[in-house]
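query-v9.txt follows (compact mmCIF, C-alpha atoms and all ligand atoms):
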# COMPACT_ATOMS: atom_id res chain seq x y z
CA MET Z 1 0.00 0.00 0.00
CA ASN Z 2 1.17 3.49 -0.93
CA GLU Z 3 2.80 5.32 2.05
CA THR Z 4 1.85 8.79 3.25
CA ARG Z 5 3.88 11.38 1.30
CA GLU Z 6 4.95 14.78 2.46
CA PHE Z 7 4.78 17.44 -0.18
CA ASP Z 8 4.55 21.12 0.51
CA ILE Z 9 1.45 22.19 -1.41
CA LEU Z 10 0.60 25.09 0.84
CA SER Z 11 3.46 27.53 1.24
CA PRO Z 12 3.92 30.75 -0.73
CA GLY Z 13 7.11 29.13 -2.11
CA PHE Z 14 5.14 26.25 -3.61
CA HIS Z 15 2.60 28.63 -5.16
CA ALA Z 16 5.35 30.78 -6.68
CA ASP Z 17 6.61 27.77 -8.70
CA PRO Z 18 4.43 24.68 -8.24
CA PHE Z 19 5.70 22.69 -11.23
CA PRO Z 20 8.72 20.93 -9.59
CA THR Z 21 6.57 19.69 -6.67
CA LEU Z 22 3.69 18.66 -8.95
CA ASP Z 23 6.15 16.69 -11.13
CA GLN Z 24 7.55 14.93 -8.06
CA MET Z 25 4.03 14.05 -6.94
CA ARG Z 26 3.21 12.48 -10.32
CA ALA Z 27 6.52 10.57 -10.23
CA GLU Z 28 5.20 8.74 -7.10
CA GLY Z 29 2.22 7.25 -8.93
CA SER Z 30 -1.21 8.18 -10.22
CA VAL Z 31 -2.71 8.43 -6.73
CA ILE Z 32 -0.73 9.41 -3.63
CA HIS Z 33 -1.60 9.52 0.04
CA MET Z 34 -1.12 12.77 1.97
CA LYS Z 35 -2.13 14.30 5.27
CA LEU Z 36 -3.61 17.68 4.42
CA PRO Z 37 -4.19 20.51 6.89
CA ILE Z 38 -7.82 20.77 8.08
CA ILE Z 39 -9.02 18.13 5.59
CA GLY Z 40 -6.92 15.24 6.98
CA ARG Z 41 -5.82 12.00 5.31
CA THR Z 42 -6.55 12.21 1.60
CA TRP Z 43 -5.71 10.31 -1.55
CA LEU Z 44 -4.77 12.74 -4.29
CA ALA Z 45 -5.28 11.77 -7.93
CA VAL Z 46 -2.30 13.46 -9.56
CA THR Z 47 -2.25 12.35 -13.21
CA HIS Z 48 -4.60 13.66 -15.89
CA ALA Z 49 -6.00 10.16 -16.45
CA ALA Z 50 -6.56 9.41 -12.73
CA CYS Z 51 -8.17 12.83 -12.05
CA THR Z 52 -10.52 12.44 -15.02
CA ALA Z 53 -11.40 8.86 -14.11
CA MET Z 54 -12.17 9.75 -10.50
CA LEU Z 55 -14.24 12.84 -11.26
CA LYS Z 56 -16.31 10.98 -13.86
CA ASP Z 57 -16.86 7.76 -11.93
CA HIS Z 58 -19.94 8.68 -9.92
CA ASP Z 59 -20.67 5.02 -9.10
CA SER Z 60 -17.41 4.70 -7.15
CA PHE Z 61 -16.85 8.22 -5.76
CA ALA Z 62 -19.41 10.38 -3.95
CA ARG Z 63 -19.29 14.06 -2.94
CA ASP Z 64 -21.58 13.52 0.04
CA PRO Z 65 -19.70 11.41 2.63
CA GLY Z 66 -23.09 10.15 3.81
CA ASN Z 67 -23.28 8.20 0.54
CA ALA Z 68 -19.99 6.51 1.46
CA GLY Z 69 -21.12 5.39 4.91
CA SER Z 70 -19.74 8.32 6.97
CA LYS Z 71 -21.95 10.07 9.50
CA THR Z 72 -19.32 12.61 10.64
CA GLN Z 73 -20.37 15.45 8.34
CA ALA Z 74 -24.06 14.97 9.15
CA ARG Z 75 -23.22 15.08 12.90
CA ILE Z 76 -21.14 18.27 12.51
CA LEU Z 77 -23.90 19.92 10.47
CA ARG Z 78 -26.45 19.10 13.17
CA VAL Z 79 -24.54 21.07 15.82
CA LEU Z 80 -23.70 24.07 13.61
CA PRO Z 81 -25.98 27.13 13.59
CA ARG Z 82 -28.45 26.86 10.69
CA THR Z 83 -26.93 29.93 9.01
CA LEU Z 84 -23.74 27.90 8.49
CA SER Z 85 -25.10 24.38 8.05
CA LEU Z 86 -27.35 25.42 5.19
CA LEU Z 87 -24.22 26.18 3.15
CA ALA Z 88 -23.73 22.41 2.83
CA LEU Z 89 -27.11 22.14 1.11
CA ASN Z 90 -25.69 23.40 -2.18
CA MET Z 91 -25.40 21.17 -5.22
CA LEU Z 92 -21.59 20.96 -5.09
CA GLY Z 93 -21.99 19.00 -1.85
CA HIS Z 94 -24.62 16.63 -3.24
CA ASP Z 95 -24.67 13.57 -5.50
CA ASP Z 96 -27.31 12.69 -8.06
CA PRO Z 97 -30.28 12.61 -8.02
CA GLU Z 98 -30.32 15.59 -5.58
CA HIS Z 99 -27.45 17.28 -7.44
CA ARG Z 100 -29.22 16.82 -10.79
CA ARG Z 101 -32.41 18.39 -9.44
CA GLN Z 102 -30.63 21.55 -8.22
CA ARG Z 103 -28.28 21.79 -11.19
CA GLY Z 104 -31.24 21.48 -13.56
CA LEU Z 105 -32.96 24.41 -11.88
CA VAL Z 106 -29.90 26.65 -11.94
CA ASP Z 107 -28.72 25.57 -15.43
CA GLN Z 108 -32.06 26.66 -16.80
CA THR Z 109 -31.85 30.12 -15.23
CA PHE Z 110 -28.13 30.55 -15.96
CA GLN Z 111 -28.59 29.74 -19.63
CA ARG Z 112 -31.39 32.24 -19.98
CA ARG Z 113 -28.92 34.97 -19.10
CA THR Z 114 -26.54 34.09 -21.86
CA ILE Z 115 -22.98 35.04 -21.28
CA GLU Z 116 -23.07 36.85 -24.65
CA ALA Z 117 -25.65 39.23 -23.17
CA MET Z 118 -23.44 39.80 -20.10
CA LYS Z 119 -20.38 40.85 -22.13
CA PRO Z 120 -21.27 44.59 -22.48
CA THR Z 121 -21.90 44.74 -18.70
CA ILE Z 122 -18.55 43.07 -17.99
CA ALA Z 123 -16.76 45.50 -20.35
CA ALA Z 124 -18.53 48.51 -18.78
CA ILE Z 125 -17.51 47.38 -15.28
CA ALA Z 126 -13.90 46.81 -16.43
CA ASP Z 127 -13.79 50.28 -18.03
CA ARG Z 128 -15.20 51.93 -14.93
CA LEU Z 129 -12.49 50.30 -12.78
CA LEU Z 130 -9.77 51.28 -15.25
CA ASP Z 131 -11.08 54.89 -15.33
CA ARG Z 132 -10.30 55.14 -11.63
CA MET Z 133 -6.66 54.35 -12.38
CA GLU Z 134 -6.28 56.85 -15.20
CA ASP Z 135 -4.28 59.38 -13.15
CA GLY Z 136 -2.12 56.85 -11.33
CA THR Z 137 1.25 55.45 -12.31
CA GLU Z 138 1.99 52.67 -9.82
CA ILE Z 139 -0.92 50.64 -8.48
CA ASN Z 140 -1.78 47.30 -6.92
CA LEU Z 141 -3.90 45.73 -9.64
CA MET Z 142 -5.10 43.04 -7.23
CA THR Z 143 -7.09 45.48 -5.07
CA GLU Z 144 -7.89 48.01 -7.80
CA PHE Z 145 -9.11 45.64 -10.47
CA CYS Z 146 -8.72 41.86 -10.13
CA ARG Z 147 -10.87 41.61 -6.99
CA ASP Z 148 -13.49 44.16 -7.95
CA LEU Z 149 -14.27 42.98 -11.47
CA PRO Z 150 -15.57 39.47 -10.58
CA LEU Z 151 -17.34 40.82 -7.47
CA SER Z 152 -19.18 43.49 -9.48
CA VAL Z 153 -19.96 41.04 -12.31
CA ILE Z 154 -21.43 38.35 -10.04
CA CYS Z 155 -23.39 41.00 -8.10
CA ALA Z 156 -24.77 42.37 -11.41
CA MET Z 157 -25.66 38.88 -12.54
CA LEU Z 158 -27.37 37.95 -9.27
CA GLY Z 159 -29.18 41.30 -9.13
CA LEU Z 160 -27.46 42.53 -5.94
CA PRO Z 161 -27.39 46.34 -5.80
CA GLU Z 162 -24.08 48.20 -6.15
CA ARG Z 163 -24.32 49.57 -2.62
CA ASP Z 164 -23.83 46.01 -1.26
CA HIS Z 165 -20.37 45.55 -2.80
CA ASP Z 166 -18.30 47.20 -0.09
CA ARG Z 167 -20.21 45.39 2.62
CA PHE Z 168 -19.43 42.03 0.98
CA LYS Z 169 -15.77 42.96 0.69
CA ASN Z 170 -15.58 43.79 4.39
CA TRP Z 171 -17.46 40.69 5.49
CA LEU Z 172 -15.49 38.26 3.36
CA GLY Z 173 -12.14 40.06 3.54
CA ARG Z 174 -10.91 37.97 6.49
CA LEU Z 175 -11.05 34.68 4.66
CA THR Z 176 -7.52 34.75 3.26
CA ASP Z 177 -5.98 31.61 4.76
CA THR Z 178 -8.17 28.52 4.44
CA ALA Z 179 -5.43 26.21 5.72
CA ASP Z 180 -5.48 27.70 9.21
CA VAL Z 181 -8.29 26.73 11.58
CA TRP Z 182 -8.06 30.05 13.46
CA ALA Z 183 -8.27 32.06 10.25
CA ILE Z 184 -11.43 30.15 9.36
CA ILE Z 185 -12.89 30.71 12.82
CA ARG Z 186 -12.10 34.44 12.59
CA ALA Z 187 -13.92 34.56 9.24
CA ILE Z 188 -17.14 32.98 10.60
CA PRO Z 189 -18.86 36.20 11.82
CA GLY Z 190 -18.40 37.77 8.36
CA LEU Z 191 -19.71 34.60 6.71
CA ILE Z 192 -22.80 34.65 8.93
CA ARG Z 193 -23.46 38.29 8.00
CA VAL Z 194 -23.24 37.45 4.29
CA VAL Z 195 -25.65 34.52 4.63
CA ARG Z 196 -28.13 36.59 6.65
CA HIS Z 197 -27.93 39.40 4.14
CA LEU Z 198 -28.45 37.01 1.21
CA ARG Z 199 -31.48 35.54 2.96
CA ARG Z 200 -32.96 39.01 3.46
CA VAL Z 201 -32.43 40.15 -0.13
CA SER Z 202 -33.63 36.87 -1.63
CA ARG Z 203 -37.12 37.25 -0.11
CA PRO Z 204 -39.75 38.90 -2.31
CA GLY Z 205 -39.36 42.68 -1.84
CA GLY Z 206 -36.00 42.11 -0.07
CA GLY Z 207 -34.01 44.28 -2.45
CA ALA Z 208 -32.74 41.88 -5.15
CA LEU Z 209 -33.22 43.47 -8.56
CA PRO Z 210 -36.11 41.92 -10.51
CA ASP Z 211 -34.05 41.04 -13.60
CA GLY Z 212 -31.26 39.24 -11.72
CA LEU Z 213 -30.55 35.55 -11.09
CA ILE Z 214 -31.78 35.68 -7.48
CA ALA Z 215 -35.29 36.67 -8.56
CA ALA Z 216 -35.19 34.13 -11.40
CA LEU Z 217 -34.02 31.31 -9.13
CA ARG Z 218 -36.75 32.14 -6.62
CA ASP Z 219 -39.36 31.66 -9.31
CA VAL Z 220 -37.87 28.81 -11.37
CA GLU Z 221 -39.83 25.61 -11.32
CA THR Z 222 -39.31 22.31 -13.16
CA ASP Z 223 -41.79 19.44 -12.93
CA GLY Z 224 -43.40 21.10 -9.92
CA GLN Z 225 -39.97 21.31 -8.18
CA LYS Z 226 -38.72 24.56 -6.67
CA LEU Z 227 -35.75 25.49 -4.49
CA SER Z 228 -36.64 25.82 -0.79
CA GLU Z 229 -35.63 29.11 0.87
CA ASP Z 230 -32.56 27.47 2.49
CA GLU Z 231 -31.58 25.89 -0.83
CA LEU Z 232 -31.98 29.23 -2.57
CA VAL Z 233 -29.74 31.03 -0.05
CA SER Z 234 -27.21 28.20 -0.25
CA MET Z 235 -27.24 28.30 -4.06
CA ILE Z 236 -26.76 32.08 -4.14
CA PHE Z 237 -23.87 31.75 -1.68
CA LEU Z 238 -22.31 29.05 -3.90
CA LEU Z 239 -22.60 31.22 -7.02
CA PHE Z 240 -21.34 34.21 -5.12
CA GLY Z 241 -18.33 32.37 -3.70
CA ALA Z 242 -17.50 30.14 -6.66
CA GLY Z 243 -17.89 32.97 -9.14
CA GLN Z 244 -15.66 35.46 -7.47
CA GLU Z 245 -12.38 34.33 -5.91
CA THR Z 246 -11.61 31.81 -8.63
CA THR Z 247 -12.00 34.40 -11.39
CA THR Z 248 -9.97 36.97 -9.42
CA HIS Z 249 -7.08 34.51 -9.30
CA LEU Z 250 -7.41 33.60 -12.97
CA ILE Z 251 -7.21 37.27 -13.98
CA SER Z 252 -4.38 38.20 -11.59
CA GLY Z 253 -2.39 34.99 -12.15
CA GLY Z 254 -2.94 35.26 -15.91
CA LEU Z 255 -1.75 38.86 -15.96
CA LEU Z 256 1.32 37.92 -13.93
CA ALA Z 257 2.07 35.11 -16.41
CA LEU Z 258 1.68 37.49 -19.36
CA LEU Z 259 3.75 40.25 -17.78
CA SER Z 260 6.55 37.88 -16.85
CA HIS Z 261 6.63 36.27 -20.33
CA ASP Z 262 7.20 39.35 -22.42
CA GLU Z 263 7.31 37.53 -25.79
CA GLN Z 264 3.89 35.95 -25.09
CA ARG Z 265 2.38 39.25 -24.01
CA ARG Z 266 3.72 40.97 -27.17
CA LYS Z 267 2.35 38.11 -29.27
CA LEU Z 268 -1.12 38.66 -27.77
CA GLN Z 269 -0.95 42.42 -28.26
CA ALA Z 270 0.09 41.92 -31.91
CA ASP Z 271 -2.63 39.34 -32.58
CA PRO Z 272 -5.76 39.73 -30.41
CA SER Z 273 -7.34 36.72 -32.17
CA LEU Z 274 -5.14 34.63 -29.83
CA MET Z 275 -7.28 35.69 -26.85
CA PRO Z 276 -9.37 32.46 -26.58
CA THR Z 277 -6.30 30.17 -26.54
CA CYS Z 278 -4.51 32.66 -24.25
CA VAL Z 279 -7.32 32.41 -21.66
CA GLU Z 280 -7.23 28.58 -21.84
CA GLU Z 281 -3.47 28.61 -21.34
CA CYS Z 282 -3.82 30.95 -18.33
CA LEU Z 283 -6.39 28.52 -16.91
CA ARG Z 284 -3.94 25.62 -17.37
CA HIS Z 285 -0.69 27.34 -16.42
CA VAL Z 286 -2.06 29.25 -13.40
CA SER Z 287 -4.55 26.54 -12.31
CA PRO Z 288 -6.36 28.97 -9.97
CA VAL Z 289 -8.29 26.06 -8.41
CA GLN Z 290 -5.52 23.54 -7.84
CA MET Z 291 -7.59 20.88 -6.12
CA THR Z 292 -11.20 19.71 -6.26
CA LYS Z 293 -13.48 19.32 -3.27
CA PRO Z 294 -13.16 15.92 -1.55
CA ARG Z 295 -14.72 12.73 -2.92
CA PHE Z 296 -15.43 9.55 -0.92
CA ALA Z 297 -15.08 5.90 -1.97
CA ILE Z 298 -18.60 4.46 -2.09
CA ARG Z 299 -17.37 0.86 -1.60
CA ASP Z 300 -14.24 -1.18 -0.94
CA MET Z 301 -12.42 -1.37 -4.26
CA VAL Z 302 -9.19 -1.75 -6.16
CA TRP Z 303 -8.53 1.43 -8.11
CA GLN Z 304 -5.38 2.53 -9.97
CA GLY Z 305 -3.75 -0.68 -8.66
CA GLU Z 306 -4.37 0.17 -4.99
CA GLN Z 307 -6.83 -1.27 -2.46
CA PHE Z 308 -9.23 1.28 -0.96
CA ARG Z 309 -11.86 1.12 1.78
CA ARG Z 310 -15.40 2.48 1.70
CA GLY Z 311 -15.32 6.06 3.04
CA ASP Z 312 -11.67 6.76 2.05
CA MET Z 313 -11.28 10.41 1.10
CA PHE Z 314 -9.93 11.54 -2.29
CA ALA Z 315 -9.38 14.79 -4.21
CA GLY Z 316 -8.33 15.58 -7.77
CA MET Z 317 -5.05 17.52 -7.92
CA LEU Z 318 -6.06 19.52 -11.00
CA ALA Z 319 -2.83 21.51 -11.03
CA ALA Z 320 -0.81 18.27 -11.31
CA ALA Z 321 -3.11 16.97 -14.08
CA ASN Z 322 -2.65 20.27 -15.91
CA CYS Z 323 1.11 19.76 -16.23
CA ASP Z 324 1.04 16.03 -16.94
CA PRO Z 325 3.53 15.49 -19.79
CA SER Z 326 1.50 12.52 -21.07
CA LYS Z 327 -1.22 15.04 -21.99
CA PHE Z 328 0.63 18.32 -22.61
CA GLU Z 329 3.76 18.84 -24.66
CA ASP Z 330 6.42 20.79 -22.75
CA PRO Z 331 3.92 21.45 -19.91
CA HIS Z 332 5.97 24.03 -17.99
CA ARG Z 333 6.04 26.32 -21.03
CA PHE Z 334 3.52 29.18 -21.03
CA ASP Z 335 2.29 29.18 -24.63
CA ILE Z 336 -0.73 31.37 -25.39
CA ALA Z 337 -1.26 29.62 -28.74
CA ARG Z 338 -1.38 26.11 -27.19
CA HIS Z 339 -4.06 24.06 -28.90
CA PRO Z 340 -5.62 21.66 -28.06
CA ASN Z 341 -5.51 22.40 -24.36
CA PRO Z 342 -7.51 19.76 -22.46
CA HIS Z 343 -6.85 21.25 -19.01
CA LEU Z 344 -9.01 20.24 -16.05
CA SER Z 345 -9.18 23.68 -14.43
CA PHE Z 346 -12.99 23.63 -14.42
CA GLY Z 347 -13.12 20.01 -13.19
CA THR Z 348 -15.07 17.35 -15.11
CA GLY Z 349 -18.01 14.98 -14.60
CA VAL Z 350 -21.38 16.11 -13.23
CA HIS Z 351 -19.85 18.87 -11.07
CA PHE Z 352 -18.11 20.48 -14.07
CA CYS Z 353 -18.02 24.23 -13.36
CA LEU Z 354 -21.32 25.96 -14.02
CA GLY Z 355 -19.63 29.33 -14.56
CA PHE Z 356 -16.94 28.32 -17.08
CA GLN Z 357 -18.22 30.56 -19.87
CA LEU Z 358 -18.62 33.51 -17.55
CA ALA Z 359 -15.08 33.05 -16.18
CA ARG Z 360 -13.63 32.82 -19.70
CA ALA Z 361 -15.51 35.96 -20.80
CA GLU Z 362 -14.38 37.91 -17.74
CA ALA Z 363 -10.72 37.00 -18.22
CA ALA Z 364 -10.78 37.75 -21.97
CA ILE Z 365 -12.47 41.13 -21.46
CA ALA Z 366 -10.17 42.01 -18.54
CA PHE Z 367 -7.01 41.28 -20.54
CA GLU Z 368 -8.32 43.04 -23.65
CA ARG Z 369 -9.43 46.20 -21.80
CA ILE Z 370 -6.25 46.45 -19.72
CA PHE Z 371 -3.82 46.05 -22.62
CA THR Z 372 -5.80 48.42 -24.84
CA ARG Z 373 -5.92 51.07 -22.17
CA PHE Z 374 -2.40 50.64 -20.81
CA PRO Z 375 -0.34 49.01 -23.59
CA ASP Z 376 2.97 49.59 -21.75
CA LEU Z 377 1.75 48.04 -18.50
CA ARG Z 378 4.54 46.24 -16.63
CA LEU Z 379 5.37 44.76 -13.23
CA SER Z 380 6.83 47.35 -10.87
CA VAL Z 381 8.99 44.73 -9.11
CA ASP Z 382 10.87 41.67 -10.26
CA ALA Z 383 8.43 38.76 -10.85
CA ARG Z 384 10.30 36.69 -8.22
CA GLN Z 385 9.40 39.27 -5.56
CA ILE Z 386 5.66 38.86 -6.11
CA LYS Z 387 4.13 37.20 -3.04
CA TRP Z 388 1.62 34.37 -2.95
CA ARG Z 389 -0.75 33.50 -0.14
CA LYS Z 390 -0.47 30.41 2.03
CA ARG Z 391 -3.55 28.61 0.72
CA LEU Z 392 -4.58 25.01 0.20
CA GLY Z 393 -5.97 24.26 -3.25
CA ILE Z 394 -6.23 27.90 -4.39
CA ARG Z 395 -3.44 29.85 -6.07
CA ALA Z 396 -3.82 33.41 -4.79
CA LEU Z 397 -1.54 36.44 -5.18
CA VAL Z 398 -1.15 38.84 -2.25
CA GLN Z 399 -0.53 41.82 -4.53
CA LEU Z 400 0.06 42.60 -8.18
CA PRO Z 401 2.18 45.78 -8.22
CA ILE Z 402 2.06 47.42 -11.64
CA LEU Z 403 3.45 50.44 -13.47
CA LEU Z 404 0.70 51.61 -15.79
CA ARG Z 405 2.94 53.57 -18.16
C1 LIG Q 501 -11.53 30.83 -13.24
C2 LIG Q 501 -12.69 30.68 -12.70
C3 LIG Q 501 -13.25 29.41 -12.20
C4 LIG Q 501 -12.62 28.21 -11.93
C5 LIG Q 501 -11.14 27.85 -12.11
C6 LIG Q 501 -13.64 27.30 -11.45
C7 LIG Q 501 -13.39 25.98 -11.10
C8 LIG Q 501 -14.37 25.08 -10.71
C9 LIG Q 501 -14.13 23.68 -10.41
C10 LIG Q 501 -12.77 22.99 -10.45
C11 LIG Q 501 -15.32 23.13 -10.07
C12 LIG Q 501 -15.57 21.65 -9.70
C13 LIG Q 501 -15.21 21.38 -8.25
C14 LIG Q 501 -15.25 19.92 -7.90
O1 LIG Q 501 -15.57 19.06 -8.76
O2 LIG Q 501 -14.96 19.58 -6.74
C15 LIG Q 501 -16.31 24.17 -10.14
C16 LIG Q 501 -17.65 23.99 -9.85
C17 LIG Q 501 -18.54 25.03 -9.84
N1 LIG Q 501 -18.33 26.32 -10.25
FE1 LIG Q 501 -16.63 27.12 -10.95
N2 LIG Q 501 -14.84 27.95 -11.42
C18 LIG Q 501 -14.65 29.24 -11.87
C19 LIG Q 501 -15.60 30.22 -12.02
C20 LIG Q 501 -16.92 30.07 -11.72
C21 LIG Q 501 -17.94 31.08 -11.89
C22 LIG Q 501 -17.70 32.45 -12.52
C23 LIG Q 501 -19.11 30.55 -11.40
C24 LIG Q 501 -20.50 31.11 -11.32
C25 LIG Q 501 -20.88 32.28 -11.46
C26 LIG Q 501 -18.82 29.20 -10.94
C27 LIG Q 501 -19.73 28.35 -10.39
C28 LIG Q 501 -19.50 27.03 -10.09
C29 LIG Q 501 -20.51 26.14 -9.53
C30 LIG Q 501 -21.94 26.52 -9.18
C31 LIG Q 501 -19.92 24.88 -9.38
C32 LIG Q 501 -20.58 23.62 -8.85
C33 LIG Q 501 -21.17 22.84 -10.00
C34 LIG Q 501 -21.87 21.55 -9.58
O3 LIG Q 501 -21.71 21.08 -8.44
O4 LIG Q 501 -22.59 21.01 -10.42
N3 LIG Q 501 -17.48 28.95 -11.16
N4 LIG Q 501 -15.71 25.34 -10.55

Is it possible to give me this structure as structure tokens?
Ligand code: HEM
Amino acid sequence: MNETREFDILSPGFHADPFPTLDQMRAEGSVIHMKLPIIGRTWLAVTHAACTAMLKDHDSFARDPGNAGSKTQARILRVLPRTLSLLALNMLGHDDPEHRRQRGLVDQTFQRRTIEAMKPTIAAIADRLLDRMEDGTEINLMTEFCRDLPLSVICAMLGLPERDHDRFKNWLGRLTDTADVWAIIRAIPGLIRVVRHLRRVSRPGGGALPDGLIAALRDVETDGQKLSEDELVSMIFLLFGAGQETTTHLISGGLLALLSHDEQRRKLQADPSLMPTCVEECLRHVSPVQMTKPRFAIRDMVWQGEQFRRGDMFAGMLAAANCDPSKFEDPHRFDIARHPNPHLSFGTGVHFCLGFQLARAEAAIAFERIFTRFPDLRLSVDARQIKWRKRLGIRALVQLPILLR
């Protein structure tokens, strides 16, 4: 049986250059055992083939540990205040058929607001943020742009009024280190305020704009099925959370990659038709979500040549899959024209990211608007001095210091 491995997948040093560690992980086998902070003992699928197989095999791997014989999560949820426990009601924590029911309801509403129709709003928000920088020379793009764009876009999409933005930023601002129990505990009051606020606005007459997703999700009905109030709040929180941080780190990490690979950035500026492949390569090379949520073995089984027990916990190491040389030629190279690019940054299987088109559109518009407005944009410090956060599974910059001209 595979022994427990110790790889640093948490420190700022790992995030600054994850490829050597990810390569070493893959060299150990397709699935490796690690003890992760907070999460505990986990089997990580580290090759492209193993990640794909695990995420698509819904008969062997469950998202809800209850479907793999574990009662721990259910017990914890019972003692948590309802404001927090309802967050586990969202579809990302469920398996089919419950997942399919919720995903069907949200897919329907999401598709109605086509991403095409959102593009002018995204561009207008990006321009407004860039206007604020017009007189500056040196700025931190992380706080001035990369955080605000996805927040404003998801608020516009959900139908949350502009005046709520700063409140959300304050409430959620403490959640910077998800690998530290105390940091999570310190973030709980802010989280509770967000959930309470979302519950208030999601009620009829509560303030959500009538043409937004919140109002649409409240009313959507398929085969007589509707979302309960708790499910609605939980779904909005999922969209709000999933749609924001991830995209922030794609935009900031992608810009850092472009600004530290001058020939690639010049290639994009000379030929804007490369934007779609550029965004895909940023998704692969940055891997903003490095790891999936946990999965649980539904039964005792032999998988990838190893024996596993019912209830064993797994996760897909997407960042390792995204630099697997059996799938990508010269995987460490940042190549904005790479095609095909079968990265797993949005996951795969039934939980494949709902917001993938929105995230792609936001990144493409962000890059296009920034380089049009400030064509001589460059890092104001050496790329090696840029700091990363200590995070598990998320690749997050602390700052992105930029000279605009
Ligand atoms: C660069 C940006 C993004 C990345 C890298 C990303 C990545 C992911 C990944 C890896 C998953 C699957 C997790 C798992 O299987 O454990 C996922 C699921 C999900 N994402 Fe995204 N995401 C991004 C943006 C968005 C946006 C903009 C939204 C919505 C507005 C969104 C909404 C969701 C939802 C609702 C799920 C759960 C789907 C389900 O359970 O069926 N994501 N995302």

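Taking only C-alpha atoms and all ligand atoms into account, the residues that come within 6 Å of ligand LIG 501 (chain Q) are Z:Met91, Z:Leu92, Z:Arg103, Z:Leu238, Z:Leu239, Z:Ala242, Z:Gly243, Z:Thr246, Z:Thr247, Z:Leu250, Z:Pro288, Z:Val289, Z:Thr292, Z:Lys293, Z:Ser345, Z:Phe346, Z:Gly347, Z:Val350, Z:His351, Z:Phe352, Z:Cys353, Z:Leu354, Z:Gly355, Z:Phe356, Z:Leu358, Z:Ala359.
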
Q. Of the residues Z:Arg5, Z:His99, Z:His285, Z:Arg78, which is the one nearest to Z:His249, using only C-alpha atoms?
A.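 Nearest candidate to Z:His249 out of Z:Arg5, Z:His99, Z:His285, Z:Arg78: Z:His285.
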
Q) Do you have the atom CA of Z:Arg405-atom CA of Z:Leu141 distance handy? A)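 A separation of 13.4 Å between them.
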
Q.
So the first atom is atom CA of Z:Thr121 and the second is atom CA of Z:Arg167; what is the distance between them in Å, to one decimal place?
A.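 Atom CA of Z:Arg167 lies at a distance of 21.4 Å from atom CA of Z:Thr121.
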
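Counting only C-alpha atoms, the residue from Z:Leu84, Z:Leu318, Z:Met142, Z:Ile365 that sits nearest to Z:Ala396 is Z:Met142.
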
Q. Hey, which of Z:Leu397, Z:Ile39, Z:Ala366, Z:Ala49 ends up closest to Z:Asp148? Count all atoms listed in the file.
A.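 When distances to Z:Asp148 are compared using all atoms listed in the file, the smallest one comes from Z:Ala366.
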
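Using all atoms listed in the file, the smallest distance between any of Z:Lys71, Z:Arg295, Z:Arg163, Z:Arg196 and Z:Lys56 comes from Z:Arg295.
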
Q | Polymer residues at most 12 Å from Z:Ile125, all atoms listed in the file, same-chain spacing of 2 or more positions, as an MDAnalysis selection string | A | chainID Z and resid 118:123 127:132 145:146 148:156 162 362 365:366 369

Q) Taking (-13.2, 15.8, 3.0) in the file's coordinates, which residues come within 10 Å, counting all atoms listed in the file, written as JSON, numbers by chain? A) {"Z": [36, 38, 39, 40, 41, 42, 63, 64, 65, 73, 293, 294, 295, 296, 311, 312, 313, 314, 315]}

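Of the listed residues (Z:Pro18, Z:Val398, Z:Lys35, Z:Leu255), Z:Leu255 comes nearest to Z:Leu377; the distances count only C-alpha atoms.
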
Just save stretch 184-202 of chain Z with C-alpha atoms, as a PDB file, in the first residue's frame.
ATOM      1  CA  ILE Z 184     -11.428  30.147   9.362  1.00  0.00           C
ATOM      2  CA  ILE Z 185     -12.892  30.711  12.824  1.00  0.00           C
ATOM      3  CA  ARG Z 186     -12.100  34.437  12.590  1.00  0.00           C
ATOM      4  CA  ALA Z 187     -13.921  34.560   9.245  1.00  0.00           C
ATOM      5  CA  ILE Z 188     -17.142  32.980  10.601  1.00  0.00           C
ATOM      6  CA  PRO Z 189     -18.859  36.202  11.818  1.00  0.00           C
ATOM      7  CA  GLY Z 190     -18.401  37.766   8.360  1.00  0.00           C
ATOM      8  CA  LEU Z 191     -19.713  34.602   6.711  1.00  0.00           C
ATOM      9  CA  ILE Z 192     -22.800  34.647   8.925  1.00  0.00           C
ATOM     10  CA  ARG Z 193     -23.464  38.294   7.995  1.00  0.00           C
ATOM     11  CA  VAL Z 194     -23.236  37.450   4.290  1.00  0.00           C
ATOM     12  CA  VAL Z 195     -25.648  34.520   4.627  1.00  0.00           C
ATOM     13  CA  ARG Z 196     -28.132  36.587   6.652  1.00  0.00           C
ATOM     14  CA  HIS Z 197     -27.934  39.399   4.142  1.00  0.00           C
ATOM     15  CA  LEU Z 198     -28.452  37.014   1.210  1.00  0.00           C
ATOM     16  CA  ARG Z 199     -31.483  35.544   2.960  1.00  0.00           C
ATOM     17  CA  ARG Z 200     -32.962  39.015   3.460  1.00  0.00           C
ATOM     18  CA  VAL Z 201     -32.432  40.146  -0.126  1.00  0.00           C
ATOM     19  CA  SER Z 202     -33.632  36.865  -1.627  1.00  0.00           C
TER      20      SER Z 202
END
